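Text of entry-v3.cif (mmCIF, C-alpha atoms and all ligand atoms) as supplied:
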```cif
data_input
#
loop_
_atom_site.label_atom_id
_atom_site.label_comp_id
_atom_site.auth_asym_id
_atom_site.auth_seq_id
_atom_site.Cartn_x
_atom_site.Cartn_y
_atom_site.Cartn_z
CA MET A 1 64.09 -23.22 -208.86
CA GLN A 2 63.52 -20.33 -206.44
CA ILE A 3 62.35 -22.12 -203.30
CA ALA A 4 62.64 -25.62 -201.84
CA VAL A 5 60.37 -26.61 -198.96
CA ILE A 6 61.59 -29.66 -197.05
CA GLY A 7 58.69 -31.55 -195.44
CA GLY A 8 55.02 -31.54 -196.35
CA GLY A 9 53.21 -31.30 -193.01
CA LEU A 10 51.15 -28.25 -192.10
CA ALA A 11 54.01 -25.74 -192.02
CA GLY A 12 55.46 -26.96 -195.33
CA LEU A 13 52.19 -27.26 -197.27
CA THR A 14 50.68 -23.94 -196.17
CA SER A 15 53.90 -21.96 -196.72
CA ALA A 16 54.31 -23.55 -200.18
CA ILE A 17 50.72 -22.58 -201.07
CA ALA A 18 51.23 -19.00 -199.86
CA MET A 19 54.47 -18.55 -201.84
CA ALA A 20 52.99 -20.12 -205.00
CA ASN A 21 50.03 -17.72 -204.65
CA GLN A 22 52.55 -14.90 -205.04
CA GLY A 23 53.88 -16.33 -208.30
CA LEU A 24 57.07 -17.87 -206.88
CA SER A 25 58.33 -21.25 -208.11
CA VAL A 26 58.19 -23.73 -205.23
CA THR A 27 59.21 -27.38 -204.98
CA LEU A 28 58.10 -29.29 -201.88
CA ILE A 29 59.82 -32.54 -200.96
CA GLU A 30 57.99 -34.98 -198.66
CA LYS A 31 59.41 -38.32 -197.61
CA LYS A 32 56.00 -40.04 -197.33
CA SER A 33 52.83 -39.82 -199.45
CA TYR A 34 49.27 -38.65 -198.80
CA PRO A 35 46.90 -39.44 -197.25
CA LEU A 36 48.69 -40.52 -194.08
CA HIS A 37 47.89 -40.92 -190.41
CA LYS A 38 49.98 -38.90 -187.94
CA VAL A 39 50.16 -39.00 -184.16
CA CYS A 40 48.32 -35.77 -183.30
CA GLY A 41 45.29 -34.80 -181.20
CA GLU A 42 43.69 -33.29 -184.35
CA TYR A 43 42.20 -30.27 -182.56
CA VAL A 44 43.08 -27.08 -184.48
CA SER A 45 42.70 -23.66 -182.87
CA ASN A 46 40.34 -21.34 -184.78
CA GLU A 47 43.10 -18.71 -184.86
CA VAL A 48 44.19 -20.20 -188.23
CA LEU A 49 40.86 -19.71 -190.02
CA PRO A 50 41.31 -16.22 -191.56
CA TYR A 51 44.72 -17.20 -192.95
CA LEU A 52 43.64 -20.58 -194.35
CA ARG A 53 40.71 -18.88 -196.10
CA SER A 54 43.02 -16.17 -197.47
CA ILE A 55 45.33 -18.70 -199.13
CA GLY A 56 42.43 -20.67 -200.65
CA ALA A 57 42.41 -23.58 -198.19
CA ASP A 58 39.20 -23.19 -196.17
CA PRO A 59 38.88 -26.28 -193.93
CA ALA A 60 35.07 -25.81 -193.79
CA LEU A 61 35.05 -27.89 -197.01
CA LEU A 62 36.15 -30.86 -194.90
CA GLN A 63 33.14 -30.57 -192.56
CA PRO A 64 35.23 -30.63 -189.39
CA ALA A 65 33.72 -30.82 -185.90
CA SER A 66 33.25 -27.45 -184.22
CA ILE A 67 34.67 -27.41 -180.68
CA SER A 68 33.88 -24.76 -178.06
CA ARG A 69 34.13 -26.39 -174.61
CA PHE A 70 37.04 -27.76 -172.63
CA ARG A 71 37.09 -30.39 -169.88
CA LEU A 72 40.15 -31.33 -167.83
CA THR A 73 40.23 -34.25 -165.39
CA SER A 74 42.80 -35.23 -162.78
CA PRO A 75 44.21 -38.79 -162.53
CA LYS A 76 41.52 -39.52 -159.88
CA GLY A 77 38.77 -38.11 -162.09
CA VAL A 78 38.19 -34.62 -160.58
CA VAL A 79 36.64 -32.44 -163.33
CA LEU A 80 37.31 -28.84 -164.41
CA GLU A 81 35.26 -27.31 -167.23
CA SER A 82 35.67 -24.10 -169.16
CA PRO A 83 34.41 -22.52 -172.37
CA LEU A 84 37.07 -22.08 -175.07
CA ASP A 85 37.27 -18.38 -175.88
CA LEU A 86 38.55 -18.89 -179.42
CA GLY A 87 37.45 -22.48 -179.94
CA GLY A 88 38.69 -24.79 -182.61
CA PHE A 89 37.84 -27.45 -185.16
CA GLY A 90 38.49 -31.16 -185.29
CA VAL A 91 39.74 -32.82 -188.47
CA SER A 92 41.99 -35.84 -188.95
CA ARG A 93 45.50 -35.29 -190.28
CA TYR A 94 44.66 -37.99 -192.82
CA THR A 95 42.06 -35.64 -194.34
CA PHE A 96 43.65 -32.25 -193.56
CA ASP A 97 47.15 -32.89 -194.98
CA GLN A 98 45.68 -34.57 -198.08
CA PHE A 99 43.42 -31.53 -198.63
CA LEU A 100 46.33 -29.08 -198.33
CA TYR A 101 48.40 -31.24 -200.68
CA GLN A 102 45.61 -31.02 -203.30
CA VAL A 103 45.41 -27.24 -202.85
CA ALA A 104 49.22 -26.99 -203.22
CA LEU A 105 49.09 -28.94 -206.51
CA SER A 106 46.28 -26.73 -207.80
CA LYS A 107 48.39 -23.64 -207.09
CA GLY A 108 51.32 -24.98 -209.12
CA VAL A 109 53.58 -26.22 -206.31
CA GLN A 110 55.86 -28.99 -207.62
CA VAL A 111 55.62 -31.85 -205.11
CA ARG A 112 58.02 -34.78 -204.88
CA LEU A 113 56.51 -37.53 -202.74
CA GLN A 114 58.21 -40.53 -201.15
CA THR A 115 61.46 -38.66 -201.44
CA ALA A 116 63.54 -37.70 -198.39
CA VAL A 117 66.05 -34.88 -198.37
CA GLN A 118 69.17 -36.57 -197.07
CA ASP A 119 71.59 -33.67 -197.05
CA VAL A 120 71.44 -29.88 -197.38
CA GLN A 121 74.49 -27.77 -198.12
CA PHE A 122 74.69 -24.01 -198.54
CA ALA A 123 77.46 -22.73 -200.83
CA GLY A 124 77.81 -19.99 -203.46
CA ASN A 125 74.65 -18.29 -202.14
CA GLN A 126 72.43 -21.28 -202.94
CA PHE A 127 71.26 -24.56 -201.41
CA LEU A 128 72.16 -27.95 -202.75
CA LEU A 129 69.75 -30.71 -201.67
CA LYS A 130 70.59 -34.41 -202.01
CA LEU A 131 67.47 -36.56 -202.35
CA SER A 132 66.90 -40.20 -201.44
CA ASP A 133 66.19 -41.10 -205.09
CA GLY A 134 69.74 -40.02 -206.03
CA ASP A 135 68.66 -36.71 -207.54
CA THR A 136 70.01 -33.31 -206.48
CA LEU A 137 68.18 -29.98 -206.45
CA THR A 138 69.42 -26.42 -206.18
CA ALA A 139 67.36 -23.59 -204.70
CA GLU A 140 67.96 -19.96 -203.85
CA VAL A 141 65.89 -20.17 -200.65
CA ALA A 142 65.05 -23.25 -198.57
CA LEU A 143 62.52 -23.77 -195.77
CA GLY A 144 62.99 -26.61 -193.28
CA ALA A 145 59.51 -27.84 -192.30
CA PHE A 146 60.58 -31.39 -191.48
CA GLY A 147 58.82 -31.74 -188.14
CA LYS A 148 59.94 -32.54 -184.62
CA ARG A 149 62.78 -34.90 -185.45
CA SER A 150 64.45 -35.71 -188.75
CA THR A 151 67.74 -37.12 -189.96
CA LEU A 152 68.40 -33.59 -191.20
CA ASP A 153 68.63 -32.45 -187.55
CA ARG A 154 71.58 -34.81 -187.14
CA GLN A 155 73.13 -33.63 -190.39
CA LEU A 156 72.73 -30.01 -189.24
CA ASN A 157 74.36 -30.98 -185.94
CA ARG A 158 71.50 -29.60 -183.85
CA SER A 159 72.19 -30.07 -180.16
CA PHE A 160 68.72 -31.41 -179.12
CA PHE A 161 69.16 -34.39 -181.48
CA SER A 162 71.81 -36.08 -179.34
CA LYS A 163 69.75 -35.78 -176.12
CA ARG A 164 67.16 -38.51 -175.66
CA SER A 165 63.61 -37.37 -174.90
CA PRO A 166 61.47 -39.46 -172.52
CA TYR A 167 58.12 -38.90 -174.29
CA LEU A 168 56.10 -41.07 -176.63
CA GLY A 169 52.71 -40.49 -178.29
CA VAL A 170 49.90 -42.93 -179.12
CA LYS A 171 46.84 -42.25 -181.30
CA TYR A 172 43.57 -44.01 -182.15
CA HIS A 173 40.43 -43.10 -184.06
CA LEU A 174 37.25 -44.31 -182.44
CA ARG A 175 33.50 -43.97 -182.19
CA LEU A 176 31.95 -43.05 -178.86
CA ASP A 177 28.86 -41.41 -177.40
CA MET A 178 30.34 -38.01 -176.51
CA PRO A 179 29.38 -34.37 -177.30
CA THR A 180 31.02 -33.19 -180.52
CA ASP A 181 31.64 -29.64 -179.23
CA LEU A 182 33.86 -30.78 -176.34
CA ILE A 183 37.59 -31.41 -176.09
CA ALA A 184 38.51 -33.40 -172.98
CA LEU A 185 41.99 -33.82 -171.51
CA HIS A 186 42.32 -36.65 -169.02
CA ASN A 187 45.40 -36.89 -166.83
CA PHE A 188 46.91 -40.13 -165.66
CA GLN A 189 50.14 -41.08 -163.91
CA ASP A 190 53.01 -39.82 -166.12
CA GLY A 191 50.84 -38.58 -168.95
CA TYR A 192 47.60 -37.20 -170.34
CA ALA A 193 45.14 -38.14 -173.06
CA GLY A 194 43.02 -35.89 -175.28
CA ILE A 195 39.77 -36.80 -176.97
CA SER A 196 37.69 -34.70 -179.37
CA ALA A 197 35.49 -35.11 -182.42
CA ILE A 198 36.84 -35.06 -185.98
CA GLU A 199 34.98 -35.44 -189.31
CA ASP A 200 32.50 -38.24 -190.13
CA GLY A 201 31.26 -38.75 -186.56
CA ARG A 202 34.61 -40.12 -185.44
CA TYR A 203 36.82 -39.11 -182.50
CA CYS A 204 40.55 -38.76 -182.15
CA PHE A 205 41.94 -40.24 -178.94
CA CYS A 206 45.61 -39.46 -178.44
CA TYR A 207 47.92 -39.57 -175.45
CA LEU A 208 51.40 -38.58 -174.38
CA THR A 209 53.33 -40.58 -171.81
CA THR A 210 56.86 -41.64 -171.02
CA ARG A 211 58.93 -44.47 -172.45
CA GLU A 212 59.60 -45.50 -168.85
CA ASN A 213 55.86 -45.94 -168.20
CA LEU A 214 55.65 -48.27 -171.21
CA ARG A 215 58.79 -50.14 -170.19
CA ARG A 216 57.36 -50.82 -166.70
CA HIS A 217 54.27 -52.48 -168.22
CA GLY A 218 55.90 -54.14 -171.21
CA ALA A 219 53.24 -53.34 -173.84
CA ILE A 220 50.71 -50.64 -174.71
CA PRO A 221 47.50 -52.58 -173.79
CA ALA A 222 48.96 -53.57 -170.40
CA MET A 223 49.98 -49.96 -169.68
CA GLU A 224 46.53 -48.71 -170.70
CA ARG A 225 44.85 -51.22 -168.36
CA ALA A 226 47.15 -50.57 -165.41
CA ILE A 227 47.66 -46.81 -165.62
CA LEU A 228 45.33 -44.93 -167.95
CA GLN A 229 42.24 -46.76 -166.75
CA GLN A 230 42.80 -45.60 -163.17
CA ASN A 231 41.17 -42.38 -164.35
CA PRO A 232 37.41 -43.23 -164.45
CA HIS A 233 36.87 -41.06 -167.54
CA LEU A 234 39.53 -42.99 -169.45
CA ARG A 235 38.15 -46.30 -168.14
CA ARG A 236 34.80 -45.36 -169.71
CA ILE A 237 36.44 -44.61 -173.07
CA PHE A 238 38.26 -47.96 -173.13
CA SER A 239 35.16 -49.91 -172.16
CA GLU A 240 32.58 -48.13 -174.37
CA ALA A 241 34.40 -46.96 -177.49
CA GLU A 242 34.65 -48.78 -180.79
CA PHE A 243 38.34 -48.59 -181.75
CA LEU A 244 38.73 -48.19 -185.51
CA TYR A 245 42.37 -49.28 -185.98
CA GLU A 246 43.88 -52.70 -185.45
CA GLN A 247 46.94 -51.01 -183.96
CA PRO A 248 47.46 -47.45 -182.69
CA GLU A 249 49.86 -45.03 -184.38
CA VAL A 250 52.90 -44.64 -182.10
CA ILE A 251 55.89 -42.27 -182.12
CA ASN A 252 58.66 -41.70 -179.62
CA GLU A 253 61.45 -39.18 -178.97
CA ILE A 254 59.02 -36.24 -178.72
CA SER A 255 61.16 -33.34 -177.57
CA PHE A 256 60.08 -29.95 -176.25
CA ALA A 257 63.68 -28.67 -176.23
CA THR A 258 64.51 -25.12 -177.27
CA LYS A 259 65.60 -24.98 -180.92
CA THR A 260 66.67 -22.30 -183.38
CA CYS A 261 64.52 -20.94 -186.21
CA VAL A 262 67.38 -20.37 -188.69
CA GLU A 263 70.09 -23.00 -189.17
CA ASN A 264 72.77 -22.87 -191.85
CA HIS A 265 70.59 -20.29 -193.72
CA LEU A 266 67.55 -22.62 -193.70
CA LEU A 267 64.37 -20.97 -192.38
CA LEU A 268 62.84 -23.50 -189.97
CA CYS A 269 59.06 -23.61 -189.43
CA GLY A 270 56.67 -25.60 -187.28
CA ASP A 271 58.00 -28.32 -184.97
CA ALA A 272 61.42 -28.07 -186.69
CA ALA A 273 61.83 -24.71 -184.90
CA GLY A 274 60.32 -25.78 -181.56
CA MET A 275 57.42 -27.85 -180.32
CA ILE A 276 54.80 -26.75 -177.80
CA THR A 277 53.41 -29.40 -175.45
CA PRO A 278 50.37 -31.14 -176.99
CA LEU A 279 48.47 -30.29 -173.78
CA CYS A 280 48.06 -26.76 -175.18
CA GLY A 281 46.47 -27.92 -178.46
CA ASN A 282 48.33 -25.21 -180.39
CA GLY A 283 51.14 -26.97 -182.31
CA MET A 284 49.27 -27.08 -185.61
CA ALA A 285 48.26 -23.41 -185.39
CA MET A 286 51.88 -22.52 -184.61
CA ALA A 287 53.13 -24.57 -187.57
CA ILE A 288 50.71 -22.81 -189.93
CA HIS A 289 51.52 -19.40 -188.44
CA ALA A 290 55.29 -19.98 -188.74
CA GLY A 291 54.76 -21.01 -192.37
CA LYS A 292 52.94 -17.71 -192.92
CA LEU A 293 55.76 -15.69 -191.33
CA ALA A 294 58.38 -17.48 -193.43
CA ALA A 295 56.36 -17.09 -196.65
CA GLU A 296 55.93 -13.34 -196.02
CA GLN A 297 59.67 -12.87 -195.49
CA VAL A 298 60.53 -14.92 -198.58
CA VAL A 299 58.10 -12.96 -200.77
CA HIS A 300 59.63 -9.73 -199.46
CA TYR A 301 63.13 -11.10 -200.22
CA PHE A 302 62.29 -11.76 -203.88
CA GLN A 303 60.49 -8.43 -204.28
CA SER A 304 63.17 -6.24 -202.68
CA GLY A 305 66.78 -6.77 -203.71
CA ARG A 306 67.34 -10.31 -202.36
CA ASN A 307 69.09 -9.45 -199.12
CA ARG A 308 69.66 -12.80 -197.37
CA GLN A 309 70.81 -11.24 -194.12
CA ALA A 310 67.62 -9.18 -193.92
CA LEU A 311 65.57 -12.30 -194.75
CA GLU A 312 67.06 -14.31 -191.88
CA ALA A 313 66.98 -11.42 -189.38
CA GLY A 314 63.39 -10.52 -190.32
CA TYR A 315 62.20 -14.11 -189.91
CA THR A 316 64.01 -14.58 -186.59
CA LEU A 317 62.49 -11.41 -185.18
CA ALA A 318 58.96 -12.27 -186.33
CA TRP A 319 59.26 -15.87 -185.08
CA LYS A 320 60.53 -14.89 -181.62
CA LYS A 321 57.88 -12.21 -181.20
CA GLN A 322 55.12 -14.66 -182.02
CA PHE A 323 56.26 -17.90 -180.36
CA GLU A 324 59.01 -17.52 -177.75
CA GLN A 325 56.72 -16.68 -174.82
CA ARG A 326 54.11 -19.28 -175.87
CA LEU A 327 56.72 -22.04 -175.88
CA ARG A 328 58.01 -20.94 -172.46
CA VAL A 329 54.52 -21.10 -170.88
CA GLY A 330 53.92 -24.44 -172.64
CA ARG A 331 57.03 -25.94 -171.03
CA ALA A 332 55.83 -24.80 -167.56
CA VAL A 333 52.36 -26.32 -168.17
CA GLN A 334 53.97 -29.57 -169.32
CA ARG A 335 55.91 -29.82 -166.02
CA LEU A 336 52.72 -29.25 -164.02
CA PHE A 337 50.79 -32.05 -165.68
CA GLY A 338 53.53 -34.64 -166.00
CA HIS A 339 53.36 -35.53 -162.29
CA PRO A 340 50.33 -37.28 -160.68
CA LEU A 341 50.30 -35.33 -157.40
CA LEU A 342 50.96 -32.02 -159.09
CA SER A 343 48.27 -32.53 -161.73
CA GLU A 344 45.78 -33.65 -159.01
CA ALA A 345 46.53 -30.45 -157.08
CA ALA A 346 46.48 -28.30 -160.22
CA VAL A 347 43.05 -29.52 -161.38
CA GLY A 348 41.70 -29.36 -157.79
CA THR A 349 42.82 -25.71 -157.46
CA LEU A 350 42.17 -24.44 -160.99
CA ARG A 351 38.55 -25.67 -161.03
CA HIS A 352 37.84 -22.89 -158.50
CA LEU A 353 39.75 -20.28 -160.55
CA PRO A 354 38.10 -20.02 -163.99
CA ALA A 355 39.86 -16.72 -164.76
CA ALA A 356 43.26 -18.41 -164.23
CA VAL A 357 42.31 -21.25 -166.58
CA ARG A 358 41.40 -18.78 -169.32
CA LEU A 359 44.59 -16.82 -168.72
CA ILE A 360 46.70 -19.98 -169.23
CA MET A 361 44.78 -20.71 -172.44
CA ARG A 362 45.37 -17.18 -173.72
CA GLN A 363 49.09 -17.44 -172.90
CA THR A 364 49.45 -20.69 -174.85
CA HIS A 365 47.45 -19.56 -177.91
CA GLY A 366 47.81 -16.77 -180.45
CA GLN A 367 45.28 -14.31 -181.83
CA PRO A 368 43.42 -15.04 -185.09
CA PHE A 369 45.81 -14.23 -187.96
C1 LIG B 1 50.80 -36.69 -179.01
C2 LIG B 1 50.63 -35.39 -179.77
C3 LIG B 1 49.37 -34.76 -179.81
C4 LIG B 1 49.24 -33.52 -180.46
N1 LIG B 1 48.00 -32.93 -180.48
C5 LIG B 1 47.83 -31.72 -181.08
C6 LIG B 1 46.56 -31.09 -181.13
O1 LIG B 1 45.53 -31.63 -180.71
N2 LIG B 1 46.48 -29.84 -181.69
C7 LIG B 1 47.57 -29.22 -182.22
O2 LIG B 1 47.43 -28.08 -182.70
N3 LIG B 1 48.79 -29.81 -182.23
C8 LIG B 1 48.94 -31.05 -181.68
N4 LIG B 1 50.17 -31.67 -181.71
C9 LIG B 1 51.28 -31.00 -182.38
C10 LIG B 1 51.19 -31.06 -183.90
O3 LIG B 1 50.98 -32.40 -184.31
C11 LIG B 1 52.49 -30.52 -184.51
O4 LIG B 1 52.85 -29.33 -183.86
C12 LIG B 1 52.31 -30.28 -186.02
O5 LIG B 1 52.07 -31.49 -186.68
C13 LIG B 1 53.59 -29.64 -186.58
O6 LIG B 1 53.49 -29.54 -187.99
P1 LIG B 1 54.82 -29.52 -188.87
O7 LIG B 1 54.39 -29.14 -190.24
O8 LIG B 1 55.86 -28.71 -188.19
O9 LIG B 1 55.36 -31.01 -188.82
P2 LIG B 1 54.75 -32.37 -189.36
O10 LIG B 1 53.29 -32.31 -189.50
O11 LIG B 1 55.34 -33.43 -188.48
O12 LIG B 1 55.35 -32.50 -190.83
C14 LIG B 1 56.71 -32.73 -191.08
C15 LIG B 1 56.82 -33.48 -192.40
O13 LIG B 1 58.17 -33.53 -192.81
C16 LIG B 1 58.43 -34.79 -193.42
N5 LIG B 1 59.88 -35.01 -193.36
C17 LIG B 1 60.66 -35.19 -192.26
N6 LIG B 1 61.96 -35.31 -192.61
C18 LIG B 1 61.99 -35.18 -193.96
C19 LIG B 1 63.05 -35.20 -194.92
N7 LIG B 1 64.33 -35.39 -194.54
N8 LIG B 1 62.74 -35.06 -196.22
C20 LIG B 1 61.46 -34.87 -196.62
N9 LIG B 1 60.42 -34.84 -195.75
C21 LIG B 1 60.68 -34.99 -194.44
C22 LIG B 1 57.60 -35.76 -192.60
O14 LIG B 1 57.31 -36.95 -193.28
C23 LIG B 1 56.36 -34.92 -192.29
O15 LIG B 1 55.30 -35.16 -193.22
C24 LIG B 1 50.34 -32.92 -181.09
C25 LIG B 1 51.58 -33.57 -181.10
C26 LIG B 1 51.73 -34.79 -180.45
C27 LIG B 1 53.07 -35.47 -180.48
#
```
Output the file's structure in the form of structure tokens.
Amino acid sequence: MQIAVIGGGLAGLTSAIAMANQGLSVTLIEKKSYPLHKVCGEYVSNEVLPYLRSIGADPALLQPASISRFRLTSPKGVVLESPLDLGGFGVSRYTFDQFLYQVALSKGVQVRLQTAVQDVQFAGNQFLLKLSDGDTLTAEVALGAFGKRSTLDRQLNRSFFSKRSPYLGVKYHLRLDMPTDLIALHNFQDGYAGISAIEDGRYCFCYLTTRENLRRHGAIPAMERAILQQNPHLRRIFSEAEFLYEQPEVINEISFATKTCVENHLLLCGDAAGMITPLCGNGMAMAIHAGKLAAEQVVHYFQSGRNRQALEAGYTLAWKKQFEQRLRVGRAVQRLFGHPLLSEAAVGTLRHLPAAVRLIMRQTHGQPF
């Protein structure tokens, strides 16, 4: 096999499709199976559209919501509104990942589901992957698209893995009377929640907060009543919405730490190489864009003398040029909105400075690619 892709989220699926389109033999290994719910705000920046169409994965087929306006509220409910220059679309990960998986199969990608990669070694100029079903695979090139936190990070001895992160994420799907072209971000003490339309007249409601906030209140419903509902816009959502799950999806240990994009010769894409704060609504676009950069470098590698050093250097350069600054601004924005007084002051000030709001958005997004 020429290429192994570890992890079948957005970075893994789109890069596998792009490489298969160029006639390369690709095996993708995903530890879960599709369709699956993921904790994610499910707002995708339109910057990805030209690329998704070019690889044969146009999301218009999924009839996503079209989103062009942004609303930000402070913990006390002060409102800032702005148009979204690029805009985006809303589609659930349940539908989007399943769609990309089907496209990948149709392009000839070999997919192994419900199989985790437990160990990756590089020796004799090739990768040896140990799988959870006892099998082993060899590959000349391997992409690590295993998301924000995986047992492989421990195995690769990555430094962020041993540091605990204070953040957790919670997601619901719901029905609510709300414009479908609007994404709203509502701040609350020690966190923020996003809500926007997805397909089928549903909405994704997703928030990020701290483990400490949850610990203080003992359980998610108690925390939502005591803290989130202090913001009048969130109180309205909790009182008027029809919640479509029995239980929310919950994840913890969400880390925005700086990571590397090549590790033990693995090319890392998406959250595996660094995660931007969800506040920016750009993580999925970055994952897809990183998958594109990696696929381009890998295609070049197989077409031009198979120089591994040039492959790794070329990918690192392209990745840093595209994402380093965006991640830096994202970390600064995250600090601003984590704190109740700061976020109150930030919304209060920024609502009078529309040009500054648009500048922050530009700095945390890419151009259409
Ligand atoms: C609360 C929250 C809200 C967010 N909201 C938004 C938003 O509105 N818009 C936006 O653009 N971004 C948002 N994001 C970010 C976005 O979800 C991520 O940036 C995006 O999912 C990254 O894609 P990925 O392909 O890198 O990883 P993932 O989609 O996480 O995929 C990784 C895959 O790898 C698999 N895997 C892991 N380990 C192994 C292994 N050892 N073997 C095999 N498979 C493995 C996993 O099962 C998973 O399917 C949000 C994130 C959070 C936490």
With distances taken over only C-alpha atoms and all ligand atoms, which residue among A:Leu208, A:Leu234, A:Ile220, A:Ala197 lies nearest ligand LIG 1 (chain B)?
A:Leu208
Find the nearest atom pair between each residue of chain A and ligand LIG 1 (chain B) for residues within 6 Å, count all atoms listed in the file, give distances in Å to one decimal, sort rows by chain and ascending number, and present the table as a tab-separated table.
```
residue	atom	partner	partner_atom	distance
A:Ile6	CA	B:LIG1	C20	5.2
A:Gly7	CA	B:LIG1	O13	3.3
A:Gly8	CA	B:LIG1	C15	4.8
A:Gly9	CA	B:LIG1	O12	3.3
A:Leu10	CA	B:LIG1	O7	3.8
A:Ala11	CA	B:LIG1	O7	3.9
A:Gly12	CA	B:LIG1	O7	5.6
A:Ile29	CA	B:LIG1	C20	5.2
A:Glu30	CA	B:LIG1	N9	3.8
A:Lys31	CA	B:LIG1	N9	4.1
A:Lys32	CA	B:LIG1	O14	5.3
A:Val39	CA	B:LIG1	C1	5.7
A:Cys40	CA	B:LIG1	C4	3.7
A:Gly41	CA	B:LIG1	O1	3.2
A:Glu42	CA	B:LIG1	O1	4.4
A:Tyr43	CA	B:LIG1	O1	4.0
A:Val44	CA	B:LIG1	O2	4.8
A:Ala116	CA	B:LIG1	N8	3.5
A:Val117	CA	B:LIG1	N8	4.0
A:Gln118	CA	B:LIG1	N7	5.6
A:Ala145	CA	B:LIG1	O8	5.6
A:Phe146	CA	B:LIG1	O13	3.5
A:Gly147	CA	B:LIG1	O9	3.6
A:Ser150	CA	B:LIG1	N6	4.6
A:Thr151	CA	B:LIG1	N7	6.0
A:Leu152	CA	B:LIG1	N7	5.6
A:Gly169	CA	B:LIG1	C1	4.3
A:Cys206	CA	B:LIG1	C1	5.9
A:Tyr207	CA	B:LIG1	C1	5.4
A:Leu208	CA	B:LIG1	C1	5.0
A:Gly270	CA	B:LIG1	O8	3.3
A:Asp271	CA	B:LIG1	O8	3.9
A:Ala272	CA	B:LIG1	O8	5.8
A:Met275	CA	B:LIG1	O4	6.0
A:Pro278	CA	B:LIG1	C4	4.4
A:Gly281	CA	B:LIG1	N2	3.8
A:Asn282	CA	B:LIG1	O2	3.8
A:Gly283	CA	B:LIG1	O4	3.3
A:Met284	CA	B:LIG1	O2	3.6
A:Ala285	CA	B:LIG1	O2	5.5
A:Ala287	CA	B:LIG1	O8	5.0
```
List as a ChimeraX atom specification the protein and nucleic acid residues near A:Leu72, meaning an atom at most 12 Å away when all atoms listed in the file are counted, but skip any in the same chain fewer than 2 places from it.
/A:69-70,74-83,182-188,192-195,231,233-234,279-280,337,343-344,346-348,350-351,357
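Remark: for A:Gln98, the closest of the candidate residues A:Phe205, A:Phe160, A:Tyr34, A:Phe122 is A:Tyr34 (distances computed over only C-alpha atoms).
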May I ask which of the residues A:Ser159, A:Ser196, A:Gln189, A:Gln363 is the closest one to A:Ile227, counting all atoms listed in the file?
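Looking only at the distances to A:Ile227, the closest residue turns out to be A:Gln189.
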Hey, which of A:Gly144, A:Gly191, A:Arg71, A:Gln297 ends up closest to A:Leu342? Count all atoms listed in the file.
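Checking each candidate against A:Leu342, we get A:Gly191 as the closest.
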For stretch 241-248 of chain A, list every protein, DNA or RNA residue within 8 Å, evaluated using all atoms listed in the file, and leave out those in the same chain fewer than 2 positions away; present the list as a list in words.
Val170, Lys171, Tyr172, His173, Leu174, Arg175, Leu176, Asp177, Arg236, Ile237, Phe238, Ser239 and Val250 of chain A
Measuring between only C-alpha atoms, which one of A:Leu128, A:Ala355, A:Leu62, A:Ala104 shows the shortest distance to A:Glu140?
A:Leu128
Atomic separation - atom CA of A:Gly87 relative to atom CA of A:Ser66, Å:
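About the pair atom CA of A:Ser66 and atom CA of A:Gly87: they are 7.8 Å apart.
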Which one of A:Tyr167, A:Gly124, A:His365, A:Tyr101 sits closest to A:Arg215 if you count only C-alpha atoms?
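Of the candidates, the smallest distance to A:Arg215 is held by A:Tyr167.
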Do you know which residues are at most 7 Å from A:Val48 counting all atoms listed in the file, after dropping those on the same chain fewer than 2 positions away, and could you put them as a PyMOL selection string?
chain A and resi 45-46+50-52+285+368-369
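We find atom CA of A:Glu253 and atom CA of A:Ile276 to be spaced 14.1 Å apart.
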Please, what distance in Å, to one decimal, runs between atom CA of A:Leu311 and atom CA of A:Ile17?
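Between atom CA of A:Leu311 and atom CA of A:Ile17 the gap is 19.1 Å.
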Report, as lines of an AutoDock Vina configuration file, the centre and edge lengths in Å (one decimal) of the axis-aligned box enclosing every listed atom of stretch 278-287 of chain A, padded by 3 Å on each side.
```
center_x = 49.8
center_y = -26.8
center_z = -180.7
size_x = 12.7
size_y = 14.6
size_z = 19.8
```
